[in-house]
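Containing compact mmCIF, C-alpha atoms and all ligand atoms: my_file-v1.txt.
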# COMPACT_ATOMS: atom_id res chain seq x y z
CA MET A 19 0.00 0.00 0.00
CA SER A 20 1.42 3.39 -0.92
CA LYS A 21 2.05 5.91 1.82
CA SER A 22 -0.56 8.34 0.58
CA VAL A 23 -3.24 5.68 0.35
CA ARG A 24 -2.41 4.55 3.87
CA ARG A 25 -2.56 8.16 5.07
CA ARG A 26 -5.94 8.65 3.43
CA MET A 27 -7.26 5.53 5.08
CA LEU A 28 -5.96 6.65 8.46
CA ILE A 29 -7.73 9.98 8.01
CA ALA A 30 -10.87 8.18 6.92
CA ALA A 31 -10.66 5.89 9.95
CA ALA A 32 -10.29 8.95 12.17
CA VAL A 33 -13.40 10.47 10.62
CA PHE A 34 -15.38 7.37 11.39
CA ALA A 35 -14.03 7.21 14.91
CA VAL A 36 -15.29 10.74 15.50
CA VAL A 37 -18.61 10.10 13.87
CA LEU A 38 -19.21 6.83 15.67
CA THR A 39 -18.12 7.96 19.10
CA ALA A 40 -20.00 11.23 18.79
CA ALA A 41 -23.43 9.58 18.95
CA ALA A 42 -25.64 10.10 15.89
CA ASN A 43 -23.08 12.14 13.96
CA THR A 44 -22.97 14.95 16.45
CA GLY A 45 -19.83 16.48 17.90
CA VAL A 46 -18.55 19.64 19.58
CA VAL A 47 -16.51 22.02 17.46
CA LYS A 48 -13.27 22.30 19.39
CA LYS A 49 -11.74 25.11 17.36
CA VAL A 50 -12.56 27.25 14.35
CA LEU A 51 -9.39 27.50 12.26
CA SER A 52 -10.72 29.73 9.51
CA GLY A 53 -14.06 30.78 8.01
CA ASP A 54 -14.59 27.33 6.51
CA ILE A 55 -12.20 25.00 8.40
CA VAL A 56 -13.10 23.58 11.80
CA GLN A 57 -11.56 21.12 14.22
CA PHE A 58 -13.32 18.37 16.18
CA GLY A 59 -11.46 16.58 18.96
CA ASP A 60 -7.66 16.72 18.94
CA THR A 61 -6.94 15.72 15.37
CA PHE A 62 -10.00 15.75 13.13
CA ILE A 63 -9.97 18.87 10.96
CA ALA A 64 -12.62 19.30 8.29
CA ARG A 65 -13.58 21.80 5.59
CA LEU A 66 -17.12 22.86 4.73
CA THR A 67 -18.47 21.15 1.62
CA GLY A 68 -19.24 22.99 -1.60
CA LEU A 69 -17.92 26.45 -0.80
CA ARG A 70 -14.90 28.57 -0.15
CA ALA A 71 -14.88 31.35 2.44
CA PRO A 72 -12.31 34.16 2.22
CA ARG A 73 -9.09 33.43 4.12
CA LEU A 74 -7.89 35.73 6.90
CA GLY A 75 -5.71 38.01 4.77
CA GLU A 76 -8.35 38.38 2.06
CA PRO A 77 -11.11 40.99 1.96
CA LEU A 78 -13.75 40.17 4.59
CA GLY A 79 -11.64 37.24 5.83
CA ARG A 80 -11.56 38.49 9.41
CA GLU A 81 -15.31 39.15 9.53
CA VAL A 82 -16.17 35.71 8.18
CA TYR A 83 -13.71 34.00 10.54
CA GLU A 84 -15.22 35.82 13.51
CA PHE A 85 -18.72 34.89 12.40
CA THR A 86 -17.84 31.18 12.12
CA LEU A 87 -16.09 31.43 15.49
CA LYS A 88 -19.15 32.95 17.16
CA GLU A 89 -21.60 30.52 15.56
CA LEU A 90 -19.68 27.26 15.90
CA GLU A 91 -16.83 27.20 18.39
CA SER A 92 -17.59 25.05 21.45
CA LYS A 93 -21.06 24.32 20.04
CA LEU A 94 -22.67 20.94 19.56
CA VAL A 95 -23.35 20.38 15.87
CA GLN A 96 -24.34 17.61 13.52
CA LEU A 97 -21.86 16.76 10.83
CA ALA A 98 -22.11 14.70 7.69
CA THR A 99 -19.10 13.82 5.59
CA TRP A 100 -19.32 13.94 1.82
CA THR A 101 -18.86 10.43 0.52
CA THR A 102 -18.78 9.14 -3.05
CA ASP A 103 -19.91 5.73 -1.78
CA ASN A 104 -20.64 4.30 1.64
CA THR A 105 -17.08 3.36 2.52
CA ALA A 106 -14.55 5.19 4.66
CA ALA A 107 -12.23 5.36 1.65
CA GLY A 108 -14.97 7.12 -0.30
CA ILE A 109 -14.80 10.29 1.80
CA VAL A 110 -13.90 13.28 -0.36
CA HIS A 111 -10.90 15.41 0.69
CA ASP A 112 -9.47 18.69 -0.58
CA GLU A 113 -5.88 19.14 -1.79
CA GLN A 114 -4.62 19.52 1.76
CA GLY A 115 -6.23 16.28 2.85
CA PHE A 116 -9.13 17.85 4.79
CA PRO A 117 -12.36 15.83 4.53
CA PHE A 118 -15.46 17.78 3.51
CA VAL A 119 -18.39 18.13 5.90
CA LEU A 120 -21.87 19.56 5.98
CA ILE A 121 -22.69 21.09 9.35
CA ARG A 122 -26.14 21.51 10.87
CA TYR A 123 -26.42 23.58 14.06
CA GLY A 124 -28.56 25.87 16.18
CA SER A 125 -31.51 24.86 18.31
CA TYR A 126 -32.59 21.24 18.17
CA SER A 127 -36.05 19.74 17.95
CA ARG A 128 -36.97 16.06 17.97
CA ASP A 129 -38.82 16.13 14.65
CA LYS A 130 -36.80 18.65 12.67
CA GLY A 131 -33.33 18.04 14.11
CA PHE A 132 -30.89 20.94 14.09
CA GLU A 133 -32.34 24.23 12.96
CA ALA A 134 -29.96 25.36 10.19
CA CYS A 135 -27.26 24.26 7.79
CA PHE A 136 -24.14 26.33 8.43
CA ASN A 137 -22.82 25.87 4.87
CA GLU A 138 -26.06 27.44 3.60
CA VAL A 139 -25.89 30.25 6.16
CA LEU A 140 -22.46 31.31 4.89
CA LEU A 141 -23.65 31.37 1.29
CA LYS A 142 -26.87 33.25 2.17
CA LYS A 143 -24.91 35.97 3.99
CA GLY A 144 -22.49 36.34 1.09
CA TYR A 145 -19.74 35.02 3.36
CA ALA A 146 -18.59 32.36 0.89
CA ARG A 147 -18.72 31.53 -2.78
CA VAL A 148 -19.62 28.15 -4.23
CA ASP A 149 -16.59 26.01 -5.00
CA PRO A 150 -17.77 24.23 -8.15
CA LYS A 151 -14.87 21.80 -7.95
CA TYR A 152 -16.24 20.42 -4.71
CA LEU A 153 -20.00 20.63 -5.07
CA PRO A 154 -21.82 17.32 -4.60
CA ASP A 155 -24.86 16.72 -6.83
CA ASP A 156 -27.33 16.90 -3.93
CA LEU A 157 -26.12 20.39 -2.99
CA LYS A 158 -26.67 22.09 -6.36
CA HIS A 159 -29.13 24.46 -4.66
CA PHE A 160 -26.03 26.17 -3.20
CA LEU A 161 -25.73 27.90 -6.58
CA ASP A 162 -29.16 29.53 -6.06
CA LEU A 163 -28.22 30.69 -2.57
CA GLU A 164 -25.01 32.22 -3.95
CA LYS A 165 -26.93 33.92 -6.74
CA GLU A 166 -29.42 35.45 -4.29
CA ALA A 167 -26.65 36.86 -2.08
CA ARG A 168 -24.88 38.22 -5.15
CA GLU A 169 -28.02 39.95 -6.39
CA LYS A 170 -28.57 41.52 -2.98
CA GLY A 171 -24.92 42.65 -2.88
CA LEU A 172 -24.27 40.96 0.47
CA GLY A 173 -20.85 40.32 2.01
CA ILE A 174 -18.23 39.55 -0.62
CA TRP A 175 -20.66 40.63 -3.33
CA ASN A 176 -20.85 44.16 -1.92
CA THR A 177 -18.75 45.93 -4.57
CA ALA A 178 -19.08 49.31 -2.84
CA SER A 179 -17.00 48.07 0.08
CA GLY A 180 -14.28 46.84 -2.26
CA ALA A 181 -14.64 43.45 -0.62
CA SER A 182 -14.91 41.60 -3.90
CA GLU A 183 -11.65 42.95 -5.28
CA THR A 184 -10.46 39.43 -6.05
CA GLY A 185 -13.24 39.18 -8.65
CA PRO A 186 -16.69 37.95 -7.69
CA ASN A 187 -16.81 34.99 -10.04
CA ARG A 188 -13.27 33.86 -9.71
CA PRO A 189 -12.83 31.33 -6.93
CA GLY A 190 -9.53 32.02 -5.20
CA PRO A 191 -6.84 29.42 -5.66
CA ALA A 192 -7.42 26.49 -3.34
CA SER A 193 -3.89 26.89 -2.01
CA ALA A 194 -4.25 30.64 -1.45
CA PRO A 195 -1.94 31.69 1.34
CA GLU A 196 -3.45 32.86 4.58
CA THR A 197 -2.10 36.35 4.29
CA GLY A 198 -0.56 37.05 0.90
CA TYR A 199 3.01 36.75 -0.21
CA SER A 200 4.03 40.40 -0.13
CA ILE A 201 6.25 40.92 2.89
CA PHE A 202 4.81 44.45 3.10
CA ASP A 203 1.22 43.17 3.31
CA GLU A 204 -0.50 44.90 6.27
CA THR A 205 2.70 46.75 7.27
CA MET A 206 3.27 50.50 7.62
CA VAL A 207 5.08 50.33 4.27
CA ASP A 208 1.68 50.03 2.59
CA MET A 209 0.29 53.04 4.49
CA PRO A 210 0.56 56.70 3.42
CA TRP A 211 2.80 58.76 5.72
CA THR A 212 -0.20 60.60 7.09
CA ASP A 213 -1.62 57.34 8.47
CA VAL A 214 1.77 56.45 9.94
CA GLU A 215 1.86 59.81 11.71
CA LYS A 216 -1.68 59.37 13.00
CA ALA A 217 -0.91 55.87 14.30
CA ALA A 218 2.09 57.22 16.24
CA LYS A 219 -0.05 60.07 17.67
CA ASP A 220 -2.70 57.52 18.69
CA GLY A 221 -0.05 55.67 20.69
CA ALA A 222 0.08 52.58 18.48
CA VAL A 223 2.71 50.03 19.37
CA VAL A 224 5.08 48.71 16.70
CA LEU A 225 5.52 45.02 15.94
CA MET A 226 8.62 43.99 14.05
CA THR A 227 10.13 40.68 13.10
CA THR A 228 13.87 40.07 13.04
CA ALA A 229 14.02 37.11 10.68
CA VAL A 230 16.62 36.53 8.00
CA ILE A 231 17.05 35.37 4.46
CA GLU A 232 18.84 32.03 4.51
CA GLU A 233 18.67 28.72 2.72
CA HIS A 234 15.98 26.34 3.98
CA GLY A 235 16.81 23.04 2.34
CA PRO A 236 16.23 22.02 -1.30
CA HIS A 237 12.45 22.08 -0.79
CA MET A 238 11.69 25.57 0.55
CA SER A 239 12.10 29.27 -0.11
CA CYS A 240 15.12 31.09 1.32
CA GLY A 241 12.62 33.57 2.74
CA THR A 242 11.00 31.06 5.11
CA ASP A 243 11.95 32.86 8.35
CA THR A 244 11.00 36.25 6.97
CA TYR A 245 7.61 35.11 5.70
CA PHE A 246 6.88 33.35 8.95
CA GLY A 247 8.02 36.20 11.23
CA GLN A 248 5.96 38.61 9.16
CA LEU A 249 2.92 36.32 9.36
CA LEU A 250 3.22 36.25 13.17
CA CYS A 251 3.40 40.06 13.30
CA LYS A 252 0.29 40.37 11.15
CA LEU A 253 -1.71 37.84 13.12
CA VAL A 254 -0.62 39.33 16.46
CA ARG A 255 -1.66 42.79 15.21
CA ARG A 256 -5.15 41.47 14.44
CA GLU A 257 -5.38 39.74 17.80
CA LEU A 258 -4.34 42.97 19.55
CA ALA A 259 -6.91 44.93 17.53
CA ALA A 260 -9.58 42.56 18.82
CA LYS A 261 -8.42 43.46 22.36
CA GLY A 262 -8.62 47.17 21.54
CA VAL A 263 -4.83 47.63 21.33
CA LYS A 264 -3.67 49.60 18.33
CA ALA A 265 -0.54 48.29 16.62
CA VAL A 266 1.31 48.81 13.35
CA VAL A 267 3.69 46.33 11.74
CA ALA A 268 7.13 47.62 10.76
CA PRO A 269 8.74 46.38 7.54
CA PRO A 270 10.40 43.06 8.32
CA PHE A 271 14.05 43.26 9.32
CA PHE A 272 15.44 40.48 7.18
CA TRP A 273 19.18 41.05 7.37
CA GLY A 274 21.01 39.26 10.14
CA VAL A 275 23.56 36.78 11.34
CA ASN A 276 23.68 33.32 9.73
CA SER A 277 26.55 31.71 11.56
CA ALA A 278 25.78 28.18 10.31
CA THR A 279 24.00 28.42 6.95
CA HIS A 280 26.10 31.22 5.38
CA VAL A 281 28.09 28.53 3.53
CA PHE A 282 25.05 27.85 1.27
CA PRO A 283 24.05 29.98 -1.72
CA GLY A 284 20.93 31.99 -0.93
CA SER A 285 22.04 32.85 2.62
CA PHE A 286 23.27 36.38 3.30
CA ALA A 287 25.89 36.73 6.03
CA ILE A 288 25.54 40.01 7.87
CA ARG A 289 28.04 40.71 10.65
CA PRO A 290 26.71 41.14 14.21
CA GLU A 291 28.05 44.75 14.24
CA THR A 292 26.20 45.57 11.04
CA THR A 293 23.02 43.93 12.34
CA LYS A 294 23.24 45.95 15.56
CA ALA A 295 23.98 49.23 13.81
CA LEU A 296 21.18 48.81 11.27
CA LEU A 297 18.65 47.88 13.95
CA GLY A 298 19.78 50.90 15.98
CA ASP A 299 19.03 53.18 13.02
CA ILE A 300 15.61 51.59 12.58
CA PHE A 301 14.73 52.05 16.27
CA ALA A 302 15.87 55.70 16.04
CA SER A 303 13.72 56.22 12.93
CA LEU A 304 10.65 54.78 14.66
CA LYS A 305 11.32 57.07 17.63
CA ALA A 306 11.59 60.09 15.32
CA MET A 307 8.21 59.16 13.80
CA GLY A 308 6.74 59.34 17.30
CA PHE A 309 6.52 55.66 18.26
CA ARG A 310 7.55 54.79 21.81
CA ARG A 311 6.84 51.08 22.24
CA ILE A 312 8.34 48.40 19.99
CA PHE A 313 7.86 44.64 20.28
CA ILE A 314 10.30 42.34 18.49
CA ILE A 315 9.03 38.98 17.29
CA ASN A 316 12.08 36.99 16.27
CA ALA A 317 11.82 34.05 13.85
CA HIS A 318 15.43 32.98 13.37
CA GLY A 319 17.13 30.56 15.73
CA ASP A 320 20.77 31.67 15.40
CA GLY A 321 22.14 32.47 18.88
CA GLN A 322 24.54 35.16 17.60
CA HIS A 323 21.68 36.81 15.74
CA LYS A 324 19.47 36.89 18.83
CA ARG A 325 22.33 38.33 20.90
CA ALA A 326 22.94 41.06 18.31
CA VAL A 327 19.23 41.96 18.39
CA ILE A 328 19.18 42.10 22.18
CA GLN A 329 22.34 44.24 22.27
CA ALA A 330 20.76 46.65 19.79
CA ILE A 331 17.71 46.90 22.05
CA LEU A 332 19.85 47.57 25.13
CA GLU A 333 21.70 50.30 23.25
CA ALA A 334 18.45 51.93 22.10
CA LEU A 335 17.00 51.81 25.61
CA LYS A 336 19.70 54.27 26.71
CA GLN A 337 17.50 56.88 25.05
CA PRO A 338 14.78 58.18 27.31
CA GLU A 339 11.11 57.30 26.77
CA MET A 340 11.73 54.22 24.66
CA ASP A 341 10.24 50.84 25.59
CA ILE A 342 11.50 48.05 23.38
CA ARG A 343 10.69 44.45 24.24
CA TYR A 344 11.92 41.22 22.76
CA LEU A 345 9.34 38.45 22.96
CA VAL A 346 11.32 35.50 24.24
CA SER A 347 10.22 31.90 24.22
CA ALA A 348 11.29 29.21 26.65
CA ASP A 349 13.81 28.10 23.99
CA ASP A 350 15.39 31.55 23.87
CA VAL A 351 15.69 31.54 27.64
CA ARG A 352 17.62 28.27 27.53
CA GLN A 353 19.79 29.24 24.57
CA LEU A 354 20.69 32.73 25.74
CA GLY A 355 20.90 31.97 29.45
CA LEU A 356 18.26 34.60 30.27
CA THR A 357 16.23 34.71 33.43
CA GLY A 358 12.68 35.93 33.91
CA GLU A 359 13.52 38.65 36.46
CA SER A 360 16.41 40.35 34.76
CA PRO A 361 17.16 42.16 32.61
CA SER A 362 13.89 44.00 32.90
CA TRP A 363 13.35 44.47 29.16
CA VAL A 364 12.82 40.78 28.58
CA LEU A 365 9.23 39.82 28.08
CA LEU A 366 8.55 36.18 28.74
CA HIS A 367 5.94 34.21 26.98
CA GLN A 368 5.59 30.48 26.77
CA MET A 369 5.45 28.69 23.46
CA PRO A 370 3.33 25.54 23.47
CA PRO A 371 5.52 22.51 24.27
CA ASP A 372 7.63 21.48 21.30
CA LYS A 373 7.04 17.83 20.44
CA GLY A 374 10.45 17.56 18.80
CA ALA A 375 12.09 18.58 22.05
CA LYS A 376 11.57 15.08 23.42
CA SER A 377 13.32 13.43 20.49
CA PRO A 378 17.11 13.06 20.67
CA ASP A 379 17.31 14.10 16.98
CA LEU A 380 17.24 17.82 16.32
CA ASP A 381 14.54 19.34 14.14
CA ILE A 382 15.74 22.93 14.13
CA HIS A 383 16.13 24.06 10.56
CA ALA A 384 13.81 23.44 7.59
CA GLY A 385 12.71 20.16 9.22
CA ALA A 386 9.22 18.91 10.09
CA GLY A 387 8.38 22.01 12.13
CA GLU A 388 9.21 24.72 9.60
CA THR A 389 8.09 22.67 6.60
CA GLY A 390 4.67 22.21 8.23
CA LEU A 391 4.35 25.95 8.91
CA MET A 392 5.22 26.84 5.34
CA ALA A 393 3.00 24.13 3.83
CA ALA A 394 0.13 25.45 5.94
CA TYR A 395 0.50 29.15 5.22
CA PHE A 396 2.67 29.50 2.08
CA PRO A 397 2.12 26.24 0.16
CA ASP A 398 3.40 27.70 -3.11
CA LEU A 399 6.83 28.17 -1.54
CA VAL A 400 7.27 24.51 -0.55
CA ASP A 401 7.91 21.60 -2.88
CA GLU A 402 5.78 19.18 -0.85
CA ARG A 403 6.51 16.23 -3.09
CA LEU A 404 10.26 16.68 -2.67
CA ALA A 405 9.85 17.28 1.08
CA ARG A 406 8.19 13.87 1.50
CA THR A 407 11.23 12.16 -0.05
CA LEU A 408 13.92 13.78 2.10
CA PRO A 409 15.54 11.49 4.68
CA PRO A 410 15.85 12.68 8.30
CA THR A 411 19.28 14.07 9.23
CA LYS A 412 19.31 12.44 12.68
CA LEU A 413 21.72 15.06 13.95
CA THR A 414 21.87 14.95 17.75
CA ARG A 415 22.26 17.80 20.20
CA ALA A 416 25.85 16.65 20.83
CA GLN A 417 26.66 17.05 17.12
CA ILE A 418 25.43 20.63 16.82
CA GLY A 419 29.02 21.91 17.01
CA GLU A 420 29.84 20.06 13.76
CA TRP A 421 26.89 21.73 12.04
CA LEU A 422 27.92 25.18 13.24
CA LYS A 423 31.53 24.53 12.11
CA ASP A 424 30.67 23.33 8.59
CA ALA A 425 26.96 23.06 7.84
CA ARG A 426 27.55 21.93 4.27
CA LYS A 427 29.62 18.99 5.46
CA ALA A 428 27.34 18.01 8.36
CA THR A 429 24.08 18.46 6.39
CA PRO A 430 24.81 18.61 2.63
CA LEU A 431 21.16 19.34 1.73
CA GLY A 432 20.90 22.25 4.14
CA TYR A 433 18.20 21.11 6.58
CA VAL A 434 18.43 19.77 10.13
CA GLY A 435 15.50 17.55 11.02
CA ASN A 436 12.86 15.52 9.24
CA PRO A 437 11.08 17.52 6.50
CA ALA A 438 9.16 14.41 5.37
CA GLY A 439 7.46 14.20 8.78
CA TYR A 440 5.73 17.58 8.49
CA ASP A 441 2.10 17.91 9.53
CA THR A 442 0.13 20.77 7.99
CA LYS A 443 -2.84 20.30 10.30
CA GLU A 444 -0.69 20.48 13.40
CA ALA A 445 0.81 23.74 12.15
CA LEU A 446 -2.64 25.17 11.42
CA ALA A 447 -3.71 24.26 14.93
CA ASN A 448 -0.55 25.61 16.63
CA ILE A 449 -0.20 29.04 15.11
CA PRO A 450 -3.41 30.56 16.53
CA ALA A 451 -2.32 29.41 20.01
CA TRP A 452 1.12 31.04 19.62
CA VAL A 453 -0.43 34.23 18.30
CA ARG A 454 -2.87 34.44 21.22
CA MET A 455 -0.02 33.92 23.67
CA MET A 456 2.09 36.67 22.12
CA ALA A 457 -0.79 39.12 22.01
CA GLU A 458 -1.54 38.37 25.66
CA ALA A 459 2.10 38.89 26.66
CA ILE A 460 2.02 42.28 24.93
CA SER A 461 -1.31 43.44 26.35
CA ASP A 462 -0.33 42.27 29.84
CA HIS A 463 2.86 44.26 29.55
CA LEU A 464 0.97 47.35 28.39
CA ALA A 465 -1.46 47.02 31.28
CA ARG A 466 1.43 46.82 33.75
CA ALA A 467 3.26 49.74 32.15
CA LYS A 468 0.26 52.10 32.45
ZN ZN B 501 14.06 28.96 9.55
Output the structure of this file as structure tokens.
Amino acid sequence: MSKSVRRRMLIAAAVFAVVLTAAANTGVVKKVLSGDIVQFGDTFIARLTGLRAPRLGEPLGREVYEFTLKELESKLVQLATWTTDNTAAGIVHDEQGFPFVLIRYGSYSRDKGFEACFNEVLLKKGYARVDPKYLPDDLKHFLDLEKEAREKGLGIWNTASGASETGPNRPGPASAPETGYSIFDETMVDMPWTDVEKAAKDGAVVLMTTAVIEEHGPHMSCGTDTYFGQLLCKLVRRELAAKGVKAVVAPPFFWGVNSATHVFPGSFAIRPETTKALLGDIFASLKAMGFRRIFIINAHGDGQHKRAVIQAILEALKQPEMDIRYLVSADDVRQLGLTGESPSWVLLHQMPPDKGAKSPDLDIHAGAGETGLMAAYFPDLVDERLARTLPPTKLTRAQIGEWLKDARKATPLGYVGNPAGYDTKEALANIPAWVRMMAEAISDHLARAK
């Protein structure tokens, strides 16, 4: 049996386990992952049949996500999987392997069952468009619901709001990234200067990533860290906005120290002094614009790079009025020998426990972890087929010195870990938790500082 067939059957078996154990096809929605993707239990993630809702970075994406969240999260619903026949193997999945479901919800009566079909509700409100590629024959009436919403100019069909800028009749690509590929998307770079000035006057905080451009194996973009750091900044900004905290995202700082991977083409090696000096100029510029609080979200594991960033912060803090915080994870604390109490500029937040941490083999660079994140959010920048063929490096913690000394000799393909073992669903489930934690660390800090 091929691997993919076996995987499909495992997924199908998991679907049945959920359905069977959740008496009469009902289950509680554990988490809403996007406008049309929901999670039941710990591992079963499903997509709504016959439609496509805008993703978070797309017009109306946030509104639709919040609507699905309000309607479905933690609620008891009835779910039916779309099957081509009555076997587990006949369950239809999308390109990412998510099985399709029809969800009924709302109040329940003995004769009529659950009150409404959520898939239909989204279409009626103009919160989704029909996905003709995945429309079962018995749901052809979805086309009428879509047409009605379009004629009424609801939701995505409201051209006055500019919400349908992606073209009303063009379904977005199935692998559309969560937030767009432009690294300036949702940053102050895309704002006119007058809005930047107003944000500073309103006391907005600045979020900035300090990721780098470096090789990430033969299967991924050299911009992996930058894209990911930028994504975190964007998502944290939205989470803060929901808490009433105004924030702007600075352009990503993507130059930095690559003490291990600089021996590969595609990696830029910036000296720690240059990194520090450039960051210092950026902090000074932000101060001149009127910003006083800056939060750094790092997305590059190099110890020398992190130290350079922290030194630049310490230097900038010598200027009065500035509050610059580096969001450290438990890993940073270990690596940099930091403590929670001092120095006072360190802001501690806990990342969810890293599964790989228990394994003796490292998965620290372009391995299962990072490949999963990229496959989840930037699928066009990962060669997933190649990733599944790459053997694990099995580099142990004790051998890390060899990698730092000559990465090309220790890991000729440029990754450390097990890219083939990546899990898109796990990444999709983890990121919202990280983002919430970071936003909480920031808002807690702001509350204390007041
Ligand atoms: Zn990386």
Name all residues at most 10 Å from Leu157 in chain A (count only C-alpha atoms; drop same-chain ones fewer than 6 positions away) and give them as an mmCIF file with C-alpha atoms, keeping the file's coordinate frame.
data_model
loop_
_atom_site.group_PDB
_atom_site.id
_atom_site.type_symbol
_atom_site.label_atom_id
_atom_site.label_comp_id
_atom_site.auth_asym_id
_atom_site.auth_seq_id
_atom_site.Cartn_x
_atom_site.Cartn_y
_atom_site.Cartn_z
ATOM 1 C CA THR A 67 -18.470 21.150 1.620
ATOM 2 C CA GLY A 68 -19.240 22.990 -1.600
ATOM 3 C CA LEU A 120 -21.870 19.560 5.980
ATOM 4 C CA GLU A 138 -26.060 27.440 3.600
#
Would you please work out which residue, of A:Ala306, A:Ala217, A:Val47, A:Leu380, is nearest to Arg122 in chain A when using only C-alpha atoms?
A:Val47
Considering all atoms listed in the file, state which residue in the set A:Thr411, A:Gln417, A:Ser285, A:Thr212 is at the smallest distance from ligand ZN 501 (chain B).
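Looking only at the distances to ligand ZN 501 (chain B), the closest residue turns out to be A:Ser285.
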Identify which of the residues A:Asp350, A:Asp112, A:Glu388, A:Glu91 lies closest to ligand ZN 501 (chain B), counting only C-alpha atoms and all ligand atoms when measuring atom-to-atom distances.
A:Glu388
Which neighbours of range 396-405 of chain A fall inside 6 Å, counting all atoms listed in the file, when residues of the same chain fewer than 5 positions from it are skipped, and could you give them as a ChimeraX atom specification?
/A:195,237-239,437-438
Between A:Asp129, A:Val50, A:Leu225, A:Pro409, which one has atoms that come closest to Arg256 in chain A, using only C-alpha atoms?
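Going through A:Asp129, A:Val50, A:Leu225, A:Pro409 one by one, the smallest distance to Arg256 in chain A is for A:Leu225.
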Hey, can you check how far CA of Tyr145 in chain A sits from CA of Ser52 in chain A?
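Distance reported for this atom pair: 12.1 Å.
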Please identify every residue of chain A that has at least one atom no farther than 8 Å from an atom of ligand ZN 501 (chain B), counting only C-alpha atoms and all ligand atoms, and for each give the shortest atom pair and the distance in Å to one decimal, arranged by chain then increasing number, as JSON lines.
{"residue": "A:Glu232", "atom": "CA", "partner": "B:ZN501", "partner_atom": "ZN", "distance": 7.6}
{"residue": "A:His234", "atom": "CA", "partner": "B:ZN501", "partner_atom": "ZN", "distance": 6.4}
{"residue": "A:Thr242", "atom": "CA", "partner": "B:ZN501", "partner_atom": "ZN", "distance": 5.8}
{"residue": "A:Asp243", "atom": "CA", "partner": "B:ZN501", "partner_atom": "ZN", "distance": 4.6}
{"residue": "A:Ala317", "atom": "CA", "partner": "B:ZN501", "partner_atom": "ZN", "distance": 7.0}
{"residue": "A:His318", "atom": "CA", "partner": "B:ZN501", "partner_atom": "ZN", "distance": 5.7}
{"residue": "A:Gly319", "atom": "CA", "partner": "B:ZN501", "partner_atom": "ZN", "distance": 7.1}
{"residue": "A:Ile382", "atom": "CA", "partner": "B:ZN501", "partner_atom": "ZN", "distance": 7.8}
{"residue": "A:His383", "atom": "CA", "partner": "B:ZN501", "partner_atom": "ZN", "distance": 5.4}
{"residue": "A:Ala384", "atom": "CA", "partner": "B:ZN501", "partner_atom": "ZN", "distance": 5.9}
{"residue": "A:Glu388", "atom": "CA", "partner": "B:ZN501", "partner_atom": "ZN", "distance": 6.4}
Between CA of Leu66 in chain A and CA of Phe118 in chain A, what is the distance, to one decimal in Å?
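These two atoms are separated by 5.5 Å.
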